[in-house]
$ cat data.cif   # mmCIF, C-alpha atoms and all ligand atoms
data_run
#
loop_
_atom_site.label_atom_id
_atom_site.label_comp_id
_atom_site.auth_asym_id
_atom_site.auth_seq_id
_atom_site.Cartn_x
_atom_site.Cartn_y
_atom_site.Cartn_z
CA MET A 168 -74.37 -105.34 -69.26
CA LEU A 169 -70.91 -106.29 -68.01
CA ASP A 170 -70.81 -109.78 -66.62
CA VAL A 171 -67.68 -111.16 -64.97
CA ARG A 172 -67.85 -114.90 -64.34
CA ASP A 173 -65.42 -116.95 -62.26
CA LEU A 174 -62.42 -114.93 -63.38
CA ARG A 175 -59.10 -116.54 -62.44
CA VAL A 176 -55.83 -114.72 -62.92
CA ALA A 177 -52.35 -115.92 -61.98
CA PHE A 178 -48.80 -114.58 -62.13
CA GLU A 179 -46.03 -116.66 -63.64
CA THR A 180 -42.88 -116.02 -61.65
CA ARG A 181 -39.70 -118.06 -61.93
CA GLY A 182 -41.57 -121.05 -63.30
CA ARG A 183 -44.14 -120.86 -60.53
CA THR A 184 -47.84 -120.09 -61.05
CA VAL A 185 -49.15 -117.89 -58.28
CA PRO A 186 -52.91 -117.35 -58.31
CA ALA A 187 -54.05 -113.77 -57.73
CA LEU A 188 -57.76 -113.82 -58.60
CA HIS A 189 -59.60 -116.92 -57.42
CA GLY A 190 -62.88 -116.90 -59.31
CA VAL A 191 -64.19 -113.36 -59.26
CA SER A 192 -67.85 -113.03 -60.27
CA PHE A 193 -70.12 -110.01 -60.43
CA ALA A 194 -72.41 -108.26 -62.86
CA LEU A 195 -73.05 -104.59 -63.58
CA ARG A 196 -76.65 -103.54 -64.18
CA PRO A 197 -77.04 -101.06 -67.05
CA GLY A 198 -77.02 -97.42 -66.03
CA THR A 199 -75.90 -98.07 -62.47
CA VAL A 200 -72.73 -97.49 -60.46
CA ALA A 201 -71.16 -100.50 -58.78
CA GLY A 202 -68.38 -100.16 -56.24
CA LEU A 203 -65.51 -102.63 -56.02
CA VAL A 204 -64.01 -102.19 -52.55
CA GLY A 205 -61.35 -103.74 -50.38
CA GLU A 206 -57.97 -103.07 -48.80
CA SER A 207 -54.83 -102.45 -50.77
CA GLY A 208 -53.57 -105.55 -52.54
CA CYS A 209 -56.84 -107.48 -52.59
CA GLY A 210 -57.02 -107.56 -56.40
CA LYS A 211 -59.19 -104.61 -57.46
CA THR A 212 -56.87 -103.25 -60.14
CA LEU A 213 -56.06 -106.74 -61.41
CA THR A 214 -59.79 -107.37 -61.86
CA ALA A 215 -60.14 -104.17 -63.90
CA LEU A 216 -57.05 -104.94 -65.99
CA ALA A 217 -58.28 -108.48 -66.67
CA ILE A 218 -61.65 -107.11 -67.85
CA MET A 219 -59.83 -104.70 -70.20
CA ARG A 220 -57.32 -107.42 -71.20
CA LEU A 221 -54.51 -105.11 -70.13
CA LEU A 222 -52.81 -107.40 -67.60
CA PRO A 223 -49.03 -107.14 -67.23
CA ALA A 224 -47.10 -109.68 -69.32
CA THR A 225 -46.34 -111.78 -66.24
CA ALA A 226 -50.04 -112.33 -65.52
CA GLY A 227 -52.53 -114.44 -67.40
CA ILE A 228 -56.22 -115.26 -67.32
CA GLN A 229 -56.48 -118.94 -66.37
CA ALA A 230 -60.24 -119.35 -66.48
CA GLY A 231 -63.54 -117.54 -66.42
CA ASP A 232 -65.19 -115.15 -68.78
CA VAL A 233 -66.13 -111.50 -69.25
CA HIS A 234 -69.23 -110.64 -71.24
CA LEU A 235 -70.17 -107.22 -72.50
CA ASN A 236 -73.75 -107.11 -73.73
CA GLY A 237 -73.72 -110.87 -74.10
CA ARG A 238 -70.47 -110.96 -76.08
CA SER A 239 -67.43 -112.69 -74.64
CA LEU A 240 -64.44 -110.35 -74.52
CA LEU A 241 -61.81 -112.94 -73.75
CA ASP A 242 -62.22 -114.66 -77.15
CA LEU A 243 -62.08 -111.47 -79.22
CA PRO A 244 -59.13 -110.93 -81.53
CA GLU A 245 -56.87 -108.12 -80.23
CA ARG A 246 -57.99 -105.78 -83.03
CA GLU A 247 -61.62 -106.01 -81.97
CA MET A 248 -60.69 -105.79 -78.31
CA ALA A 249 -58.92 -102.50 -79.07
CA ARG A 250 -62.24 -101.19 -80.38
CA VAL A 251 -64.10 -102.40 -77.28
CA ARG A 252 -61.56 -100.55 -75.11
CA GLY A 253 -62.68 -97.24 -76.52
CA ALA A 254 -66.34 -97.44 -77.39
CA GLY A 255 -67.35 -100.37 -75.18
CA ILE A 256 -65.50 -100.01 -71.90
CA ALA A 257 -63.21 -97.12 -71.07
CA MET A 258 -60.93 -97.04 -68.06
CA ILE A 259 -59.63 -94.27 -65.85
CA PHE A 260 -56.40 -95.35 -64.21
CA GLN A 261 -55.23 -95.04 -60.62
CA GLN A 262 -52.44 -92.55 -61.43
CA PRO A 263 -53.82 -89.85 -63.74
CA ARG A 264 -50.51 -88.15 -64.49
CA ALA A 265 -48.66 -91.40 -65.19
CA SER A 266 -51.43 -92.46 -67.57
CA LEU A 267 -51.03 -89.43 -69.82
CA ASN A 268 -48.21 -89.31 -72.32
CA PRO A 269 -45.68 -86.74 -71.02
CA VAL A 270 -44.25 -85.87 -74.44
CA PHE A 271 -47.48 -84.81 -76.16
CA PRO A 272 -49.72 -81.84 -75.40
CA VAL A 273 -53.31 -82.57 -74.38
CA ALA A 274 -54.64 -81.68 -77.85
CA ALA A 275 -52.54 -84.33 -79.59
CA GLN A 276 -53.62 -87.04 -77.13
CA LEU A 277 -57.32 -86.23 -77.42
CA THR A 278 -57.42 -85.70 -81.18
CA HIS A 279 -55.45 -88.92 -81.74
CA VAL A 280 -58.22 -90.89 -80.02
CA LEU A 281 -60.99 -88.93 -81.75
CA ARG A 282 -59.48 -89.40 -85.21
CA LEU A 283 -58.62 -93.05 -84.69
CA HIS A 284 -61.79 -94.23 -82.98
CA ARG A 285 -64.43 -91.84 -84.24
CA GLY A 286 -62.91 -91.10 -87.63
CA LEU A 287 -63.09 -87.33 -87.13
CA ALA A 288 -61.11 -85.06 -89.45
CA ARG A 289 -58.39 -82.87 -87.89
CA ARG A 290 -60.45 -79.75 -87.44
CA ALA A 291 -63.56 -81.59 -86.18
CA ALA A 292 -61.40 -83.57 -83.76
CA LEU A 293 -59.93 -80.37 -82.35
CA ALA A 294 -63.37 -78.83 -81.89
CA GLU A 295 -64.61 -82.00 -80.21
CA ALA A 296 -61.52 -82.11 -77.97
CA GLU A 297 -62.29 -78.57 -76.84
CA ALA A 298 -65.94 -79.48 -76.19
CA LEU A 299 -64.88 -82.52 -74.16
CA LEU A 300 -62.53 -80.45 -72.00
CA ALA A 301 -65.31 -77.96 -71.36
CA ARG A 302 -67.65 -80.83 -70.53
CA VAL A 303 -65.30 -82.16 -67.83
CA GLY A 304 -65.19 -78.70 -66.28
CA LEU A 305 -61.77 -77.48 -67.37
CA PRO A 306 -61.67 -73.70 -67.58
CA GLY A 307 -60.06 -72.22 -70.70
CA PRO A 308 -60.04 -75.37 -72.86
CA THR A 309 -57.94 -73.71 -75.58
CA ARG A 310 -55.12 -73.12 -73.13
CA ILE A 311 -55.39 -76.67 -71.73
CA LEU A 312 -55.24 -78.12 -75.25
CA ARG A 313 -51.79 -76.61 -75.71
CA ALA A 314 -50.53 -77.73 -72.29
CA TYR A 315 -48.31 -80.72 -71.54
CA PRO A 316 -49.31 -83.03 -68.65
CA HIS A 317 -46.56 -81.65 -66.36
CA GLU A 318 -48.10 -78.18 -66.67
CA LEU A 319 -51.40 -79.39 -65.21
CA SER A 320 -52.40 -80.01 -61.59
CA GLY A 321 -53.41 -83.52 -60.46
CA GLY A 322 -57.09 -82.60 -60.60
CA MET A 323 -56.71 -81.17 -64.11
CA CYS A 324 -54.89 -84.33 -65.25
CA GLN A 325 -57.73 -86.43 -63.88
CA ARG A 326 -60.27 -84.31 -65.81
CA VAL A 327 -58.22 -84.74 -69.00
CA MET A 328 -58.16 -88.51 -68.32
CA ILE A 329 -61.94 -88.49 -67.95
CA ALA A 330 -62.25 -86.53 -71.22
CA LEU A 331 -60.03 -89.13 -72.92
CA ALA A 332 -62.13 -91.94 -71.48
CA LEU A 333 -65.33 -90.32 -72.75
CA ALA A 334 -63.91 -89.48 -76.19
CA CYS A 335 -65.11 -92.75 -77.76
CA ARG A 336 -68.53 -92.53 -76.11
CA PRO A 337 -68.17 -95.69 -74.03
CA ARG A 338 -71.16 -97.47 -72.47
CA VAL A 339 -69.18 -98.70 -69.48
CA LEU A 340 -66.61 -96.74 -67.49
CA VAL A 341 -64.14 -98.43 -65.14
CA ALA A 342 -62.71 -95.87 -62.74
CA ASP A 343 -59.79 -97.18 -60.67
CA GLU A 344 -59.41 -95.05 -57.52
CA PRO A 345 -60.20 -91.91 -59.51
CA THR A 346 -59.76 -89.65 -56.50
CA THR A 347 -57.09 -91.15 -54.21
CA ALA A 348 -54.17 -89.30 -55.76
CA LEU A 349 -55.96 -85.95 -55.30
CA ASP A 350 -56.43 -83.66 -52.33
CA VAL A 351 -59.76 -83.62 -50.54
CA THR A 352 -61.47 -80.62 -52.16
CA VAL A 353 -60.48 -81.80 -55.64
CA GLN A 354 -61.69 -85.30 -54.78
CA LEU A 355 -65.17 -83.95 -54.15
CA GLN A 356 -65.22 -82.08 -57.47
CA ILE A 357 -64.14 -85.18 -59.41
CA VAL A 358 -66.79 -87.30 -57.68
CA GLU A 359 -69.48 -84.73 -58.54
CA LEU A 360 -68.26 -84.67 -62.13
CA LEU A 361 -68.32 -88.46 -62.44
CA ARG A 362 -71.79 -88.59 -60.97
CA ALA A 363 -73.09 -85.87 -63.32
CA LEU A 364 -71.56 -87.55 -66.37
CA GLN A 365 -72.89 -90.94 -65.35
CA GLN A 366 -76.44 -89.62 -65.10
CA GLU A 367 -76.27 -87.45 -68.20
CA LEU A 368 -74.74 -90.11 -70.44
CA GLY A 369 -76.48 -93.09 -68.85
CA LEU A 370 -73.09 -94.71 -68.24
CA THR A 371 -72.64 -97.96 -66.41
CA VAL A 372 -69.77 -97.46 -63.97
CA LEU A 373 -67.46 -99.76 -62.04
CA LEU A 374 -65.92 -97.60 -59.33
CA ILE A 375 -62.86 -99.07 -57.66
CA THR A 376 -62.18 -97.54 -54.28
CA HIS A 377 -61.26 -98.28 -50.69
CA ASP A 378 -63.46 -95.40 -49.54
CA LEU A 379 -66.79 -96.64 -48.23
CA GLY A 380 -67.97 -93.04 -47.83
CA LEU A 381 -67.63 -92.60 -51.56
CA VAL A 382 -69.47 -95.89 -52.10
CA ALA A 383 -72.37 -94.74 -49.92
CA GLU A 384 -72.51 -91.50 -51.84
CA ILE A 385 -72.59 -92.65 -55.44
CA CYS A 386 -72.92 -96.43 -55.78
CA ASP A 387 -76.04 -98.51 -56.34
CA ASP A 388 -74.37 -101.88 -55.75
CA VAL A 389 -71.20 -102.94 -53.92
CA HIS A 390 -68.84 -105.87 -54.33
CA VAL A 391 -66.39 -106.37 -51.48
CA MET A 392 -63.10 -108.02 -52.37
CA TYR A 393 -60.65 -109.86 -50.18
CA ALA A 394 -57.54 -111.83 -51.23
CA GLY A 395 -58.63 -112.13 -54.85
CA ARG A 396 -62.25 -113.10 -54.16
CA ILE A 397 -65.58 -111.29 -53.95
CA VAL A 398 -66.64 -112.01 -50.38
CA GLU A 399 -69.86 -109.99 -50.32
CA SER A 400 -72.16 -108.44 -52.92
CA ALA A 401 -75.22 -106.35 -52.16
CA SER A 402 -77.09 -103.16 -52.91
CA VAL A 403 -75.65 -100.15 -51.10
CA GLU A 404 -78.77 -99.92 -48.91
CA ALA A 405 -78.56 -103.59 -47.89
CA LEU A 406 -74.83 -103.39 -47.22
CA PHE A 407 -75.04 -100.34 -45.00
CA ARG A 408 -78.15 -101.63 -43.25
CA ARG A 409 -76.83 -105.12 -42.62
CA ALA A 410 -73.39 -106.09 -43.87
CA ALA A 411 -73.07 -109.84 -43.45
CA HIS A 412 -69.34 -110.45 -43.85
CA PRO A 413 -67.11 -109.72 -40.82
CA TYR A 414 -64.58 -108.23 -43.25
CA THR A 415 -67.13 -105.76 -44.62
CA ARG A 416 -68.18 -104.84 -41.10
CA GLY A 417 -64.53 -104.35 -40.21
CA LEU A 418 -64.08 -101.98 -43.11
CA MET A 419 -67.12 -100.02 -41.92
CA THR A 420 -66.07 -99.65 -38.30
CA ALA A 421 -62.61 -98.63 -39.48
CA ARG A 422 -64.26 -95.76 -41.28
CA VAL A 423 -66.33 -94.66 -38.31
CA ARG A 424 -63.31 -94.75 -36.00
CA ALA A 425 -61.31 -92.68 -38.40
CA GLY A 426 -64.03 -90.04 -38.46
CA GLY A 427 -64.32 -90.43 -42.21
CA ARG A 428 -60.64 -89.87 -42.76
CA ALA A 429 -58.39 -92.30 -44.57
CA LEU A 430 -57.34 -94.70 -41.85
CA PRO A 431 -56.86 -97.90 -43.82
CA THR A 432 -58.70 -100.30 -41.56
CA GLY A 433 -59.51 -101.26 -37.99
CA ILE A 434 -59.12 -104.95 -38.78
CA PRO A 435 -56.07 -106.55 -37.15
CA GLY A 436 -53.36 -107.91 -39.41
CA ARG A 437 -53.11 -107.40 -43.14
CA VAL A 438 -54.04 -108.81 -46.52
CA PRO A 439 -51.91 -111.92 -47.15
CA PRO A 440 -49.36 -111.51 -49.94
CA LEU A 441 -49.85 -113.52 -53.12
CA GLY A 442 -49.14 -117.20 -52.74
CA GLN A 443 -49.52 -117.01 -48.95
CA THR A 444 -53.28 -117.13 -48.68
CA PRO A 445 -54.21 -119.42 -45.76
CA PRO A 446 -56.34 -122.50 -46.46
CA GLY A 447 -60.08 -122.33 -45.83
CA CYS A 448 -61.60 -118.87 -45.68
CA PRO A 449 -58.77 -116.49 -46.64
CA PHE A 450 -59.96 -114.01 -43.99
CA HIS A 451 -60.09 -116.44 -41.05
CA PRO A 452 -56.74 -115.53 -39.39
CA ARG A 453 -57.96 -111.94 -39.03
CA CYS A 454 -61.57 -112.74 -38.19
CA HIS A 455 -62.98 -112.47 -34.65
CA LEU A 456 -65.78 -114.91 -35.55
CA ALA A 457 -63.53 -117.62 -36.98
CA GLY A 458 -64.09 -121.23 -35.89
CA PRO A 459 -62.63 -124.60 -36.91
CA GLU A 460 -64.73 -124.84 -40.10
CA CYS A 461 -63.24 -121.55 -41.30
CA ALA A 462 -59.73 -122.98 -41.47
CA ALA A 463 -60.98 -126.21 -43.04
CA ALA A 464 -62.88 -125.13 -46.15
CA GLU A 465 -63.46 -122.05 -48.23
CA PRO A 466 -67.04 -120.89 -47.67
CA PRO A 467 -69.37 -121.16 -50.67
CA PRO A 468 -71.52 -118.18 -51.69
CA GLU A 469 -74.68 -117.98 -49.58
CA VAL A 470 -77.77 -115.89 -50.20
CA VAL A 471 -78.51 -113.49 -47.35
CA ALA A 472 -81.46 -111.91 -49.12
CA ASP A 473 -82.48 -111.22 -52.69
CA GLY A 474 -79.39 -109.77 -54.43
CA HIS A 475 -77.27 -110.05 -51.27
CA ILE A 476 -74.59 -112.74 -51.35
CA VAL A 477 -71.88 -113.52 -48.80
CA ARG A 478 -69.03 -116.01 -48.54
CA CYS A 479 -68.66 -116.67 -44.84
CA HIS A 480 -69.36 -119.78 -42.75
CA ARG A 481 -70.37 -117.70 -39.76
CA TRP A 482 -72.22 -114.71 -41.15
CA ARG A 483 -75.38 -115.63 -39.22
CA ALA A 484 -73.49 -115.35 -35.93
CA GLY A 485 -72.22 -111.95 -36.93
CA VAL A 486 -75.46 -110.30 -37.96
CA ALA A 487 -77.53 -111.76 -35.07
N1 LIG B 501 -47.14 -106.77 -61.87
C1 LIG B 501 -47.30 -107.50 -60.76
N2 LIG B 501 -46.43 -108.49 -60.44
C2 LIG B 501 -46.59 -109.24 -59.33
N3 LIG B 501 -47.60 -109.08 -58.46
C3 LIG B 501 -48.49 -108.12 -58.71
C4 LIG B 501 -48.40 -107.26 -59.87
N4 LIG B 501 -49.45 -106.39 -59.85
C5 LIG B 501 -50.14 -106.69 -58.74
N5 LIG B 501 -49.59 -107.72 -58.06
C6 LIG B 501 -50.09 -108.32 -56.81
O1 LIG B 501 -51.42 -108.74 -57.02
C7 LIG B 501 -52.23 -108.48 -55.86
C8 LIG B 501 -53.40 -107.63 -56.25
O2 LIG B 501 -52.93 -106.37 -56.70
P1 LIG B 501 -53.90 -105.19 -57.17
O3 LIG B 501 -53.05 -104.16 -57.79
O4 LIG B 501 -55.00 -105.75 -57.99
O5 LIG B 501 -54.47 -104.66 -55.77
P2 LIG B 501 -55.49 -103.48 -55.49
O6 LIG B 501 -56.65 -104.08 -54.78
O7 LIG B 501 -55.75 -102.72 -56.73
O8 LIG B 501 -54.67 -102.60 -54.43
P3 LIG B 501 -54.54 -100.99 -54.27
O9 LIG B 501 -55.72 -100.58 -53.44
O10 LIG B 501 -53.24 -100.83 -53.54
O11 LIG B 501 -54.53 -100.39 -55.64
C9 LIG B 501 -51.29 -107.84 -54.85
O12 LIG B 501 -50.86 -108.83 -53.97
C10 LIG B 501 -50.15 -107.32 -55.68
O13 LIG B 501 -48.97 -107.31 -54.93
MG MG B 502 -55.26 -100.83 -57.35
#
$ encode --input "data.cif" --output "structure tokens"
Amino acid sequence: MLDVRDLRVAFETRGRTVPALHGVSFALRPGTVAGLVGESGCGKTLTALAIMRLLPATAGIQAGDVHLNGRSLLDLPEREMARVRGAGIAMIFQQPRASLNPVFPVAAQLTHVLRLHRGLARRAALAEAEALLARVGLPGPTRILRAYPHELSGGMCQRVMIALALACRPRVLVADEPTTALDVTVQLQIVELLRALQQELGLTVLLITHDLGLVAEICDDVHVMYAGRIVESASVEALFRRAAHPYTRGLMTARVRAGGRALPTGIPGRVPPLGQTPPGCPFHPRCHLAGPECAAAEPPPEVVADGHIVRCHRWRAGVA
């Protein structure tokens, strides 16, 4: 469905090229939910923006490819890519309120998309906008249509964002931390909504999150990111039964220690800033299993089991 192959992204700053994504590869199976997880700064949002071709002007795609249903997105003319962004892949951004236009009421933002992308006439677009708001569980859609973003709560903004994302009937939905900006009870409601919509519409979802509890709850597959690389990919069952990468296991114990609450991680140290990734395995300075080979060379992908891939020289020592 969506196939990301060896994606390399770099920032150009003051004449210097600083790599940020070092060959990210993963594939989404149709009708499933895949989680993209990792600590803050490991490259999750950049991956999503590169897929959508919405990278900031200072960043560029150096190599790799993104295929949607067998078609390369990176070669498409911008006009066609704009169409893909609605009806092919839609994205929900990390900050729902900041992603809505503050100067237009909800109705204008929704009907704009519906008229532009689905060619609906004014009245039909308004009716469809109301139906979409009802579908995402907003009470009193007529009132919401007239509201400006600042008049809505964070949870309501997120529901409007989801309605906007669904307006073009996308096949793939990229949701970047759709719940982190919300309080806990609202988080649960948004997760339930996303799950219901995914099943009802047969959507393929890439869910970006640092919350492994959320991953366990709604994902089929997981891709763990560290320092701009995918370091482990597996089905949710396989990952929770037997995570192979010490980084993944670190993320899991962090969660247990925190009693499910949002302690970032139990792993010592922090994600290296861009341009300061150590040689060899980027995780080795923080890894309790690290040996001399880990500082010497970046580990190649190894197959742990069918559909379970890890990039670690010492994973066998860890799972034994
Ligand atoms: N516009 C930018 N200019 C320079 N560096 C950037 C820019 N955007 C992101 N970066 C850097 O790229 C790296 C990856 O950032 P990214 O936003 O993809 O992380 P993330 O995994 O989404 O983190 P978070 O969980 O905090 O959202 C980080 O080191 C970040 O500082
Ligand atoms: Mg992010």
$ residues_around --input "data.cif" --residues "Ala187 of chain A" --least-positions-apart "3" --cutoff "9 Å" --atoms "all atoms listed in the file" --output "number ranges by chain"
A: 175-178, 209-210, 213, 226, 394-396, 441-442
$ residues_near_ligand --input "data.cif" --ligand "ligand MG 502 (chain B)" --cutoff "8 Å" --atoms "all atoms listed in the file" --output "VMD selection string"
chain A and resid 207 to 208 210 to 213 261 343 to 344 375
$ residues_near_point --input "data.cif" --point "(-69.3, -89.6, -58.9)" --cutoff "9 Å" --atoms "all atoms listed in the file" --output "list of chain:residue names"
A:Val200, A:Leu355, A:Gln356, A:Ile357, A:Val358, A:Glu359, A:Leu360, A:Leu361, A:Arg362, A:Ala363, A:Leu364, A:Gln365, A:Leu374, A:Leu381, A:Glu384, A:Ile385, A:Cys386
$ residues_near_point --input "data.cif" --point "(-43.2, -115.9, -65.2)" --cutoff "8 Å" --atoms "only C-alpha atoms" --output "PDB file with C-alpha atoms, keeping the file's coordinate frame"
ATOM      1  CA  PHE A 178     -48.800-114.580 -62.130  1.00  0.00           C
ATOM      2  CA  GLU A 179     -46.030-116.660 -63.640  1.00  0.00           C
ATOM      3  CA  THR A 180     -42.880-116.020 -61.650  1.00  0.00           C
ATOM      4  CA  ARG A 181     -39.700-118.060 -61.930  1.00  0.00           C
ATOM      5  CA  GLY A 182     -41.570-121.050 -63.300  1.00  0.00           C
ATOM      6  CA  ARG A 183     -44.140-120.860 -60.530  1.00  0.00           C
ATOM      7  CA  THR A 184     -47.840-120.090 -61.050  1.00  0.00           C
ATOM      8  CA  THR A 225     -46.340-111.780 -66.240  1.00  0.00           C
ATOM      9  CA  ALA A 226     -50.040-112.330 -65.520  1.00  0.00           C
TER      10      ALA A 226
END
$ closest_residue --input "data.cif" --among "A:Ala265, A:Leu299, A:Leu370, A:Ala457" --to "Cys324 of chain A" --atoms "all atoms listed in the file"
A:Ala265
